[in-house]
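J.: Here's a structure for you.
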Amino acid sequence: MRTILHIIQKEFIQITRDKMMLPIIFVVPIVQLLFLVYAATLEIKNIDLCIVDNDLSTVSREITQKFEASPFFVVKGKTFSVEQSEKLIETGQVDIVLNIPHNFEKDLIRNKKAGIQILVDAINQTTGSIGSSYCNQIIFNYNKNIITKFSDLKTLFEIQDIKTINIEHQFWYNPDLNYKVFMVPGILVILVTIIGMFLSAMNLVKEKEIGTIEQINVTPIKKHQFIIGKMIPFLIIALFELAFGLTLGKILFNIPIIGNLWLVFLSATVYLFVILGFGLLISTLSNTQQQAMFVAWFFMLVFIMMSGLFTPIESMPVWAQKLNLINPVAFFIKILRMVLLKGSEIKDIKNDLFYLFGYGVVVFSFATIRYKKTN
Amino acid sequence: MNKNKIIKVKNLVKKFGDFVANDNLNFEVEAGEIFGFLGANGAGKTTAIKILTGLSKPTSGEISVAGYDIYKETEKIKRNIGYMSQKFSLYDDLTVFENIRFYAGIYGMKKQEIIDKTESLLDKLDIRNHKNSLIRSLPLGWKQKLAFSIAIFHNPKIVFLDEPTGGVDPVTRRMFWELIYDASNSGITVFVTTHYMDEAEYCDRISIMDKGKIVALDKPQILKEQYNAANIDEVFVKIAR
Amino acid sequence: MFLNIDYQNLMTSLRVKNISKKYDKVQAISDISFNAEKGELFGLIGPDGAGKTTIFRILTTLILPDNGEVFFENLDIIKDFKKIRQITGYMPGKYSLYQDLTVEENLNFFAAVFGVKVEDNYYLIKEIYEHIAPFKKRLAGKLSGGMKQKLALCCALIHKPQILILDEPTTGVDAVSRKEFWEMLQKLKTQNITILVSTPYMDEAALCNRVALIQKGKILDIDTPENIISKFQHKLISVKSFDKQKLIKDLRSYEFSNSVFAFGESIHYTDKRQKTDVKEIVEYLINKNHKEIKVEEIKPNIEDCFMDLMKK
């Protein structure tokens with residue numbers, strides 16, 4: 001135990017003495033939260049909309065008003081001709097066409113069912129899928145209003161002709177459709193991942209490069225002591241980063257922290273177990289810091305891109321979505337959103353936590369086997 | 001009387017694939033001796049020193065170091081040896097004292113013992129004013145002396161020095177050797193590899209390796225007479241050519 | 001007009017005048033001056049950190065001196081650096097070979113850099129290259145230290161330079177390869193190439209025509225190895241006894257002792273007095289209970305001189 005403490009002490013001295021470390025620890029979270037949350041948001045405002053209202057009824061006018069009032073849509077045109085509206089989409093002047101057919105209100109009252117058509121310009125997938133789900137949302141809300149008005153009616157109208165619309169659960173727990181709230185947990189995950197993976201991957205390689213690893217290998221230090229002693233400082237730093245990032249998120253974006261903070265840090269610890277294991281594995285496979293850097297980048301990029309933070313998972317092919325089963329980043333983003341935004345409890349996330357823990361055991365075992373004191 | 005053999009190597013063979021790095025080495029080192037281990041680049045010195053320090057496992061052979069078996073008691077061996085390599089084994093972003101504390105700590109030395117011994121070491125090396133200086137700010141010669149002192153700080157039975165004196169000025173080199181004599185006098189066995197053939201003459205006995213084999217092993221004086229050479233450099237060239 | 005030509009100077013290949021260089025706060029070299037004659041093998045001898053590499057980096061136009069002048073074949077290193085690079089062959093300390101190219105590819109590459117073909121100057125490197133030719137398809141990174149050194153020398157020579165600068169070519173190379181390397185340099189000298197070589201090994205000084213002994217950025221002395229040795233002012237005594245360590249201590253505490261250095265199996269001793277009394281030393285050691293005492297006067301070597309100059 002004392003041996004481990006000696007290693008931890010040494011690591012901390014070296015980390016604090018590194019002139020780049022303080023800026024990394026404090027500037028990275030600030031920059032990421034300030035810029036990425038704004039820049040990398042999936043929130044799409046100002047979706048250009050054309051409304052084709054051939055019904056000109058009370059209901060259709062009310063729906064039109066809802067869209068006009070929404071901050072997400074700009075009603076670029078109104079027309080009675082479907083052909084003309086399609087042309088607008090083709091020429092890229094509008095992103096979405098809302099087509100309310102003739103007799104819409106009549107059908108609604110007579111058949112208790114009616115259809116609205118939404119035409120989506122699918123070239124920009126993000127705008128398309130998000131725009132259409134916004135439409136969905138607005139109509140859905142309108143639905144609910146009518147349901148409460150006429151409580152005997154079950155469904156008033158349904159939407160036709162929409163491909164791949166999935167109202168994501170985030171809308172439910174993010175009632176103002178505030179994407180910042182949605183992004184912050186994701187950015188925090190990236191932050192913790194960068195710090196954890198890079199620092200641990202570079203550290204052991206550095207000892208290889210300067211040759212001190214040989215000196216360590218001839219001492220009676222045991223493998224596990226060395227690895228634990230090396231990893232604990234990074235665990236502490238990464239958890240500190242998370243705390244720092246959460247504080248910034250609260251101050252800057254007033255993100256809701258509904259769940260238990262202890263649960264947040266517990267799951268972060270389990271997650272970091274996986275990430276530090278990856279870092280360690282990378283450093284046992286590399287001989288130079290440069291190699292370690294490249295490999296760490298590779299994993300980071302794949303994990304983050306696949307995680308659905310910047311691109312919707314729904315627009316990925318099914319096999320790619322399945323691949324996220326081995327993506328710890330996706331798991332932790334999910335857990336963090338659940339706990340922070342939804343207030344999920346341990347029973348809700350325990351399966352994911354066990355999964356991550358098992359994952360960590362596998363990665364760490366690989367790393368420990370690869371790190372040989374003898375050859 | 002049979003003197004205490006602290007290193008015993010019998011039929012040591014180390015192969016990397018088809019390449020035989022150590023081809024049936026046999027030698028013994030006596031306790032308290034300064035044993036020079038010489039050889040050309042790629043003769044197999046580093047491979048052998050790695051096996052003796054437990055960094056590498058031999059393909060076959062019977063080897064004991066400090067009385068322990070190299071296969072079964074590696075951890076015990078590691079407790080009883082010190083090691084200093086040609087690359088610097090000190091952390092250059094730590095201070096003199098932090099390096100001492102770290103290495104002494106992982107050998108399980110007690111806090112008070114570390115502090116007391118550090119004080120006397122600082123005086124001995126005359127670097128009291130540099131106790132809290134970063135290693136990287138020290139001149140090369142000081143670093144080497146300090147690295148050696150740290151390698152024997154936990155009072156090992158044997159210290160392995162892998163080309164310890166590269167590049168320093170002749171005066172510093174001699175001061176370094178005086179430290180080695182000190183250690184040897186206090187009972188530590190010194191096992192040293194070097195490129196400086198003239199340094200071989202500081203050793204009690206030397207072995208010369210060539211192409212994985214030990215081709216000569218004796219007191220420097222005797223080897224010089226045997227090969228009719230003025231110095232070990234000549235002996236070496238006569239053997240290796 | 002012609003009368004002003006300094007014929008002596010025409011033979012001088014390299015003139016270094018009062019150069020200094022400071023890195024941040026560290027004075028790497030100060031006020032270094034020396035000349036090297038055409039076809040001379042000139043050695044810079046000194047430990048790591050003495051400033052050898054800094055001098056070579058200035059001579060090869062890689063860095064500028066803070067002050068002072070350097071002329072190569074009457075070309076100024078600052079104004080004519082492009083011409084100088086054409087006529088200089090440089091072999092840096094860590095052999096700048098491409099470890100992931102083969103022997104052949106390395107050689108072709110360095111020839112191409114200087115716009116020559118390997119065949120053009122092959123006669124110059126033939127003898128050296130033949131040692132490594134059997135391995136020409138091997139990656140440079142897979143060569144032994146001695147072979148890397150030979151390949152690096154070939155690469156530095158392939159454009160037929162007038163001046164060859166070798167930074168610690170023999171460091172970390174075993175005694176046999178070192179010997180072979182110096183033999184190669186002796187042969188190159190006959191091609192009228194000026195060779196500058198630096199080394200931390202004092203014994204290699206004897207293989208140079210002239211040497212500059214350097215310590216802490218300053219030149220201690222410049223001369224032929226023989227002259228440097230003849231300038232040694234003390235009588236050098238070699239002392240041996242059974243207990244070498246006690247011998248060092250006792251000699252140091254001897255009242256007339258000037259310097260005491262271990263030299264392999266013996267101790268080199270110099271005395272403060274004008275006339276060293278060998279008998280008295282022996283008596284002193286007998287009084288100190290030394291056994292198997294052997295005392296004799298010997299000729300100093302470069303290392304003795306270097307240590308003596310360091311003291312001053």
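A note on labels: chains of the structure tokens are A, B, ... as shown, every chain counts residues from 1, and ligands are counted from 1 in their shown order.
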Could you pull out the strand (DSSP E or B) residues of range 9-116 of chain B, going by DSSP on the backbone, and write them as number ranges by chain?

T.: B: 9-16, 19-30, 34-39, 60-65, 68-69, 81-84, 95

J.: Next, the residues of the selection above should be written as a compact mmCIF listing (two decimals), in the first residue's frame with C-alpha atoms.

T.:
# COMPACT_ATOMS: atom_id res chain seq x y z
CA VAL B 9 25.78 -18.51 -14.05
CA LYS B 10 25.82 -22.00 -15.50
CA ASN B 11 25.16 -22.73 -19.17
CA LEU B 12 23.10 -19.59 -19.73
CA VAL B 13 21.49 -19.58 -23.16
CA LYS B 14 19.19 -16.90 -24.51
CA LYS B 15 17.71 -17.15 -27.97
CA PHE B 16 15.56 -14.70 -29.88
CA PHE B 19 19.43 -15.74 -33.07
CA VAL B 20 21.54 -16.85 -30.13
CA ALA B 21 22.23 -13.74 -28.06
CA ASN B 22 23.88 -15.57 -25.16
CA ASP B 23 25.58 -18.81 -26.13
CA ASN B 24 26.25 -20.96 -23.10
CA LEU B 25 27.70 -18.44 -20.65
CA ASN B 26 29.46 -19.68 -17.53
CA PHE B 27 30.85 -17.40 -14.85
CA GLU B 28 30.76 -16.60 -11.18
CA VAL B 29 31.12 -13.32 -9.36
CA GLU B 30 32.46 -13.14 -5.84
CA ILE B 34 34.10 -5.24 -9.01
CA PHE B 35 33.32 -7.29 -12.07
CA GLY B 36 33.71 -5.73 -15.50
CA PHE B 37 31.52 -7.05 -18.28
CA LEU B 38 32.92 -5.99 -21.65
CA GLY B 39 32.01 -6.68 -25.22
CA SER B 60 17.91 -22.21 -20.46
CA GLY B 61 20.62 -22.38 -17.83
CA GLU B 62 21.02 -22.35 -14.07
CA ILE B 63 21.42 -18.89 -12.65
CA SER B 64 21.36 -17.56 -9.15
CA VAL B 65 21.75 -13.94 -8.12
CA TYR B 68 18.17 -16.60 -5.21
CA ASP B 69 17.02 -18.59 -8.18
CA ILE B 81 19.92 -5.54 -6.33
CA GLY B 82 20.40 -1.99 -7.54
CA TYR B 83 20.53 -0.94 -11.16
CA MET B 84 21.76 2.07 -13.07
CA THR B 95 14.07 17.23 -7.40

J.: List the spatial neighbours of Leu90 in chain B as a PyMOL selection string - criterion: any atom at most 8 Å away, only C-alpha atoms, same-chain residues fewer than 5 positions off excluded.

T.: (chain A and resi 212) or (chain B and resi 99+135+147)

J.: Going by DSSP on the backbone, which bits of range 46-290 of chain C are alpha helix (DSSP H)? Write them as a ChimeraX atom specification, please.

T.: /C:52-59,81-87,103-113,122-132,145-157,175-189,225-230,244-253,278-287

J.: Got a sec: who's within 10 Å of range 285-302 of chain A, counting only C-alpha atoms, leaving out chain neighbours fewer than 6 positions off, as number ranges by chain?

T.: A: 190, 193-194, 197-210, 275, 278-279, 327, 329, 367, 370-371

J.: The selected residues should be written to file as a JSON list (two decimals), in the first residue's frame (atoms: N, CA and C atoms).

T.:
[["chain", "number", "residue", "atom", "x", "y", "z"],
["A", 190, "ILE", "N", -17.13, 14.03, -23.10],
["A", 190, "ILE", "CA", -15.94, 14.18, -23.95],
["A", 190, "ILE", "C", -14.77, 14.69, -23.14],
["A", 193, "THR", "N", -13.36, 12.06, -21.01],
["A", 193, "THR", "CA", -12.72, 11.06, -21.85],
["A", 193, "THR", "C", -11.35, 11.54, -22.33],
["A", 194, "ILE", "N", -11.32, 12.78, -22.81],
["A", 194, "ILE", "CA", -10.04, 13.32, -23.29],
["A", 194, "ILE", "C", -9.00, 13.29, -22.19],
["A", 197, "MET", "N", -8.25, 9.47, -21.08],
["A", 197, "MET", "CA", -7.59, 8.62, -22.07],
["A", 197, "MET", "C", -6.21, 9.15, -22.45],
["A", 198, "PHE", "N", -6.12, 10.45, -22.73],
["A", 198, "PHE", "CA", -4.84, 10.98, -23.18],
["A", 198, "PHE", "C", -3.79, 10.96, -22.09],
["A", 199, "LEU", "N", -4.15, 11.44, -20.92],
["A", 199, "LEU", "CA", -3.14, 11.49, -19.87],
["A", 199, "LEU", "C", -2.62, 10.10, -19.56],
["A", 200, "SER", "N", -3.52, 9.13, -19.47],
["A", 200, "SER", "CA", -3.04, 7.80, -19.11],
["A", 200, "SER", "C", -2.27, 7.17, -20.26],
["A", 201, "ALA", "N", -2.70, 7.42, -21.49],
["A", 201, "ALA", "CA", -1.99, 6.82, -22.62],
["A", 201, "ALA", "C", -0.58, 7.39, -22.76],
["A", 202, "MET", "N", -0.44, 8.69, -22.53],
["A", 202, "MET", "CA", 0.87, 9.31, -22.72],
["A", 202, "MET", "C", 1.82, 8.99, -21.58],
["A", 203, "ASN", "N", 1.27, 8.84, -20.39],
["A", 203, "ASN", "CA", 2.11, 8.79, -19.21],
["A", 203, "ASN", "C", 3.09, 7.63, -19.20],
["A", 204, "LEU", "N", 2.58, 6.44, -19.39],
["A", 204, "LEU", "CA", 3.45, 5.27, -19.30],
["A", 204, "LEU", "C", 4.46, 5.27, -20.45],
["A", 205, "VAL", "N", 4.00, 5.74, -21.63],
["A", 205, "VAL", "CA", 4.90, 5.79, -22.77],
["A", 205, "VAL", "C", 6.06, 6.74, -22.49],
["A", 206, "LYS", "N", 5.75, 7.82, -21.79],
["A", 206, "LYS", "CA", 6.79, 8.79, -21.47],
["A", 206, "LYS", "C", 7.89, 8.11, -20.64],
["A", 207, "GLU", "N", 7.49, 7.29, -19.70],
["A", 207, "GLU", "CA", 8.51, 6.59, -18.91],
["A", 207, "GLU", "C", 9.31, 5.64, -19.78],
["A", 208, "LYS", "N", 8.64, 5.08, -20.79],
["A", 208, "LYS", "CA", 9.38, 4.22, -21.72],
["A", 208, "LYS", "C", 10.39, 5.05, -22.48],
["A", 209, "GLU", "N", 9.93, 6.21, -22.95],
["A", 209, "GLU", "CA", 10.81, 7.04, -23.78],
["A", 209, "GLU", "C", 12.03, 7.52, -23.02],
["A", 210, "ILE", "N", 11.85, 7.97, -21.78],
["A", 210, "ILE", "CA", 13.01, 8.49, -21.07],
["A", 210, "ILE", "C", 13.80, 7.38, -20.39],
["A", 275, "ILE", "N", -12.07, 3.84, -19.52],
["A", 275, "ILE", "CA", -11.27, 4.77, -20.31],
["A", 275, "ILE", "C", -9.79, 4.72, -19.92],
["A", 278, "PHE", "N", -8.32, 1.75, -21.35],
["A", 278, "PHE", "CA", -7.97, 1.97, -22.76],
["A", 278, "PHE", "C", -6.65, 2.71, -22.88],
["A", 279, "GLY", "N", -6.51, 3.77, -22.11],
["A", 279, "GLY", "CA", -5.28, 4.56, -22.15],
["A", 279, "GLY", "C", -4.08, 3.70, -21.83],
["A", 327, "ASN", "N", -19.21, 0.89, -27.42],
["A", 327, "ASN", "CA", -18.76, 2.27, -27.31],
["A", 327, "ASN", "C", -19.05, 2.82, -25.91],
["A", 329, "VAL", "N", -18.37, 5.56, -24.61],
["A", 329, "VAL", "CA", -18.79, 6.96, -24.61],
["A", 329, "VAL", "C", -20.31, 7.05, -24.73],
["A", 367, "ALA", "N", -4.70, -4.92, -20.73],
["A", 367, "ALA", "CA", -3.60, -3.98, -20.51],
["A", 367, "ALA", "C", -2.58, -4.57, -19.55],
["A", 370, "ARG", "N", -0.57, -7.16, -21.19],
["A", 370, "ARG", "CA", 0.37, -6.56, -22.16],
["A", 370, "ARG", "C", 1.54, -5.87, -21.47],
["A", 371, "TYR", "N", 1.27, -5.29, -20.30],
["A", 371, "TYR", "CA", 2.37, -4.61, -19.61],
["A", 371, "TYR", "C", 3.22, -5.65, -18.92]]

J.: Quick one: residues within 8 Å of Gly141 in chain B, only C-alpha atoms counted, chain neighbours fewer than 5 positions away excluded, as a PyMOL selection string?

T.: chain B and resi 168-169+172-173

J.: Quick one: which chain C residues come within 8 Å of chain B, and what is the nearest atom pair for each with the distance in Å to one decimal, counting only C-alpha atoms, rows ordered by chain and ascending number, as JSON lines?

T.:
{"residue": "C:Gly46", "atom": "CA", "partner": "B:Asp169", "partner_atom": "CA", "distance": 6.9}
{"residue": "C:Pro47", "atom": "CA", "partner": "B:Asp169", "partner_atom": "CA", "distance": 4.6}
{"residue": "C:Asp48", "atom": "CA", "partner": "B:Gly167", "partner_atom": "CA", "distance": 5.0}
{"residue": "C:Ser144", "atom": "CA", "partner": "B:Gly42", "partner_atom": "CA", "distance": 7.0}
{"residue": "C:Gly145", "atom": "CA", "partner": "B:Asn41", "partner_atom": "CA", "distance": 6.6}
{"residue": "C:Gly146", "atom": "CA", "partner": "B:Asn41", "partner_atom": "CA", "distance": 7.9}
{"residue": "C:Gly172", "atom": "CA", "partner": "B:His195", "partner_atom": "CA", "distance": 6.9}
{"residue": "C:Val173", "atom": "CA", "partner": "B:Asn41", "partner_atom": "CA", "distance": 6.7}
{"residue": "C:Asp174", "atom": "CA", "partner": "B:Ala40", "partner_atom": "CA", "distance": 4.8}
{"residue": "C:Ala175", "atom": "CA", "partner": "B:Val237", "partner_atom": "CA", "distance": 6.7}
{"residue": "C:Val176", "atom": "CA", "partner": "B:Val237", "partner_atom": "CA", "distance": 5.5}
{"residue": "C:Pro200", "atom": "CA", "partner": "B:Gly167", "partner_atom": "CA", "distance": 6.0}
{"residue": "C:Gln245", "atom": "CA", "partner": "B:Tyr181", "partner_atom": "CA", "distance": 6.8}
{"residue": "C:Phe261", "atom": "CA", "partner": "B:Arg174", "partner_atom": "CA", "distance": 6.8}
{"residue": "C:Ala262", "atom": "CA", "partner": "B:Arg174", "partner_atom": "CA", "distance": 6.4}
{"residue": "C:Phe263", "atom": "CA", "partner": "B:Tyr202", "partner_atom": "CA", "distance": 7.4}
{"residue": "C:Gly264", "atom": "CA", "partner": "B:Glu201", "partner_atom": "CA", "distance": 4.2}
{"residue": "C:Glu265", "atom": "CA", "partner": "B:Glu201", "partner_atom": "CA", "distance": 5.5}
{"residue": "C:Glu303", "atom": "CA", "partner": "B:Pro170", "partner_atom": "CA", "distance": 7.0}
{"residue": "C:Phe306", "atom": "CA", "partner": "B:Pro170", "partner_atom": "CA", "distance": 7.9}
{"residue": "C:Met307", "atom": "CA", "partner": "B:Val171", "partner_atom": "CA", "distance": 6.3}

J.: Take the residues that were just selected and, keeping N, CA and C atoms, output them as a short mmCIF file (atom, residue, chain, number, x, y, z; two decimals), in the first residue's frame.

T.:
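For reference, again32.cif as written:
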data_model
loop_
_atom_site.label_atom_id
_atom_site.label_comp_id
_atom_site.auth_asym_id
_atom_site.auth_seq_id
_atom_site.Cartn_x
_atom_site.Cartn_y
_atom_site.Cartn_z
N GLY C 46 36.77 16.77 -25.75
CA GLY C 46 36.17 17.29 -24.54
C GLY C 46 34.94 16.48 -24.14
N PRO C 47 34.54 16.61 -22.88
CA PRO C 47 33.38 15.85 -22.42
C PRO C 47 32.07 16.40 -22.97
N ASP C 48 30.96 15.71 -22.68
CA ASP C 48 29.63 16.21 -23.05
C ASP C 48 29.43 17.59 -22.42
N SER C 144 24.06 -2.82 -37.08
CA SER C 144 24.76 -2.69 -35.81
C SER C 144 25.37 -1.29 -35.73
N GLY C 145 25.80 -0.89 -34.54
CA GLY C 145 26.35 0.45 -34.34
C GLY C 145 27.49 0.76 -35.29
N GLY C 146 28.40 -0.20 -35.44
CA GLY C 146 29.56 0.02 -36.29
C GLY C 146 29.17 0.20 -37.75
N GLY C 172 29.74 5.50 -28.20
CA GLY C 172 28.83 4.37 -28.10
C GLY C 172 29.15 3.25 -29.07
N VAL C 173 30.32 3.31 -29.67
CA VAL C 173 30.71 2.26 -30.61
C VAL C 173 31.85 1.47 -29.95
N ASP C 174 31.88 0.17 -30.17
CA ASP C 174 32.87 -0.63 -29.46
C ASP C 174 34.29 -0.39 -29.98
N ALA C 175 35.25 -0.88 -29.23
CA ALA C 175 36.65 -0.58 -29.50
C ALA C 175 37.10 -0.99 -30.90
N VAL C 176 36.60 -2.13 -31.37
CA VAL C 176 37.03 -2.59 -32.69
C VAL C 176 36.53 -1.66 -33.78
N PRO C 200 34.71 12.45 -27.10
CA PRO C 200 34.93 12.55 -25.66
C PRO C 200 36.03 11.59 -25.21
N GLN C 245 42.27 1.83 -2.73
CA GLN C 245 41.45 2.90 -2.18
C GLN C 245 42.15 3.67 -1.07
N PHE C 261 45.04 10.89 -9.20
CA PHE C 261 43.94 10.36 -9.99
C PHE C 261 44.12 8.86 -10.22
N ALA C 262 43.04 8.15 -10.10
CA ALA C 262 43.09 6.72 -10.40
C ALA C 262 43.22 6.55 -11.90
N PHE C 263 44.08 5.66 -12.31
CA PHE C 263 44.23 5.34 -13.73
C PHE C 263 44.26 3.83 -13.86
N GLY C 264 43.13 3.23 -14.00
CA GLY C 264 43.09 1.78 -14.08
C GLY C 264 43.66 1.18 -12.81
N GLU C 265 44.66 0.33 -12.99
CA GLU C 265 45.19 -0.37 -11.82
C GLU C 265 46.12 0.49 -10.98
N GLU C 303 45.03 12.46 -21.41
CA GLU C 303 44.08 12.56 -20.32
C GLU C 303 44.72 13.24 -19.10
N PHE C 306 44.85 16.85 -19.96
CA PHE C 306 43.52 17.46 -19.91
C PHE C 306 43.13 17.77 -18.46
N MET C 307 43.37 16.81 -17.58
CA MET C 307 42.99 17.02 -16.18
C MET C 307 43.84 18.10 -15.55
#

J.: Between chain A and chain B, at 7 Å or less, what are the per-residue closest atom pairs and their distances in Å? Count only C-alpha atoms, order by chain and rising residue number, and return it as a tab-separated table.

T.:
residue	atom	partner	partner_atom	distance
A:Thr3	CA	B:Ile106	CA	5.0
A:His6	CA	B:Phe102	CA	6.0
A:Lys10	CA	B:Phe102	CA	6.7
A:Gln14	CA	B:Asp93	CA	6.4
A:Gly211	CA	B:Lys87	CA	6.0
A:Thr212	CA	B:Ser89	CA	4.7
A:Gln215	CA	B:Ser89	CA	5.8
A:Asn217	CA	B:Leu55	CA	6.7
A:Val218	CA	B:Lys78	CA	5.8
A:Thr219	CA	B:Lys78	CA	5.4
A:Pro220	CA	B:Lys78	CA	5.2
A:Ile221	CA	B:Ile106	CA	6.6
A:Lys373	CA	B:Leu55	CA	6.4
A:Thr374	CA	B:Leu55	CA	4.6
A:Asn375	CA	B:Ser56	CA	4.7

J.: Using only C-alpha atoms, determine which residues lie at most 9 Å from range 62-72 of chain C, disregarding the query and same-chain residues fewer than 4 positions distant; provide the list as an MDAnalysis selection string.

T.: chainID C and resid 12:22 31:33 54:58 76:78 84 163

J.: Given the selection you just returned, output its residues as a file containing N, CA and C atoms, formatted as a short mmCIF file (atom, residue, chain, number, x, y, z; two decimals), in the first residue's frame.

T.:
data_model
loop_
_atom_site.label_atom_id
_atom_site.label_comp_id
_atom_site.auth_asym_id
_atom_site.auth_seq_id
_atom_site.Cartn_x
_atom_site.Cartn_y
_atom_site.Cartn_z
N THR C 12 45.13 27.28 -45.59
CA THR C 12 44.20 27.12 -44.48
C THR C 12 42.80 26.87 -45.00
N SER C 13 42.22 25.78 -44.57
CA SER C 13 40.91 25.40 -45.08
C SER C 13 39.81 26.07 -44.26
N LEU C 14 40.06 26.19 -42.98
CA LEU C 14 39.02 26.70 -42.08
C LEU C 14 39.64 27.68 -41.11
N ARG C 15 39.00 28.84 -40.98
CA ARG C 15 39.45 29.81 -39.98
C ARG C 15 38.29 30.16 -39.06
N VAL C 16 38.46 29.91 -37.80
CA VAL C 16 37.44 30.26 -36.83
C VAL C 16 38.01 31.35 -35.95
N LYS C 17 37.29 32.48 -35.88
CA LYS C 17 37.83 33.62 -35.14
C LYS C 17 36.86 34.07 -34.06
N ASN C 18 37.22 33.89 -32.83
CA ASN C 18 36.51 34.46 -31.68
C ASN C 18 35.01 34.23 -31.69
N ILE C 19 34.58 33.04 -31.96
CA ILE C 19 33.12 32.85 -31.96
C ILE C 19 32.62 32.53 -30.54
N SER C 20 31.40 33.05 -30.27
CA SER C 20 30.72 32.80 -29.00
C SER C 20 29.27 32.48 -29.29
N LYS C 21 28.65 31.71 -28.40
CA LYS C 21 27.22 31.42 -28.56
C LYS C 21 26.60 31.21 -27.19
N LYS C 22 25.46 31.87 -27.02
CA LYS C 22 24.74 31.78 -25.75
C LYS C 22 23.35 31.23 -26.02
N ASP C 31 34.46 32.72 -27.12
CA ASP C 31 35.72 33.15 -27.69
C ASP C 31 36.57 31.99 -28.22
N ILE C 32 35.97 31.20 -29.09
CA ILE C 32 36.68 30.05 -29.65
C ILE C 32 37.35 30.47 -30.96
N SER C 33 38.66 30.21 -31.07
CA SER C 33 39.40 30.48 -32.30
C SER C 33 40.30 29.31 -32.63
N THR C 54 27.98 22.57 -30.43
CA THR C 54 27.64 23.95 -30.76
C THR C 54 28.60 24.49 -31.81
N ILE C 55 29.89 24.24 -31.62
CA ILE C 55 30.87 24.72 -32.60
C ILE C 55 30.56 24.12 -33.98
N PHE C 56 30.30 22.82 -33.99
CA PHE C 56 30.03 22.16 -35.27
C PHE C 56 28.75 22.66 -35.92
N ARG C 57 27.77 22.97 -35.11
CA ARG C 57 26.52 23.47 -35.69
C ARG C 57 26.71 24.86 -36.29
N ILE C 58 27.62 25.62 -35.70
CA ILE C 58 27.93 26.93 -36.29
C ILE C 58 28.69 26.73 -37.60
N ASP C 76 32.50 32.98 -46.41
CA ASP C 76 31.98 33.40 -45.11
C ASP C 76 30.78 32.54 -44.74
N ILE C 77 30.73 32.02 -43.51
CA ILE C 77 29.61 31.13 -43.17
C ILE C 77 28.27 31.83 -43.16
N ILE C 78 28.27 33.15 -43.02
CA ILE C 78 26.98 33.83 -42.98
C ILE C 78 26.53 34.21 -44.38
N ILE C 84 28.77 27.04 -48.89
CA ILE C 84 29.43 26.23 -47.87
C ILE C 84 28.74 24.89 -47.71
N ILE C 163 35.34 19.68 -46.91
CA ILE C 163 35.50 19.63 -45.46
C ILE C 163 34.51 18.62 -44.90
#

J.: Please list as a PDB file with C-alpha atoms, in the first residue's frame every residue within 9 Å of range 289-292 of chain C, counting only C-alpha atoms and excluding residues in the same chain fewer than 6 positions away.

T.:
ATOM      1  CA  LYS C 240      50.560   1.035  -7.088  1.00  0.00           C
ATOM      2  CA  SER C 241      49.897  -0.772  -3.857  1.00  0.00           C
ATOM      3  CA  PHE C 242      47.736  -3.611  -2.616  1.00  0.00           C
ATOM      4  CA  ASP C 243      44.935  -1.425  -1.300  1.00  0.00           C
ATOM      5  CA  LYS C 246      43.568   3.551   0.860  1.00  0.00           C
ATOM      6  CA  LEU C 247      46.373   4.533  -1.473  1.00  0.00           C
TER       7      LEU C 247
END
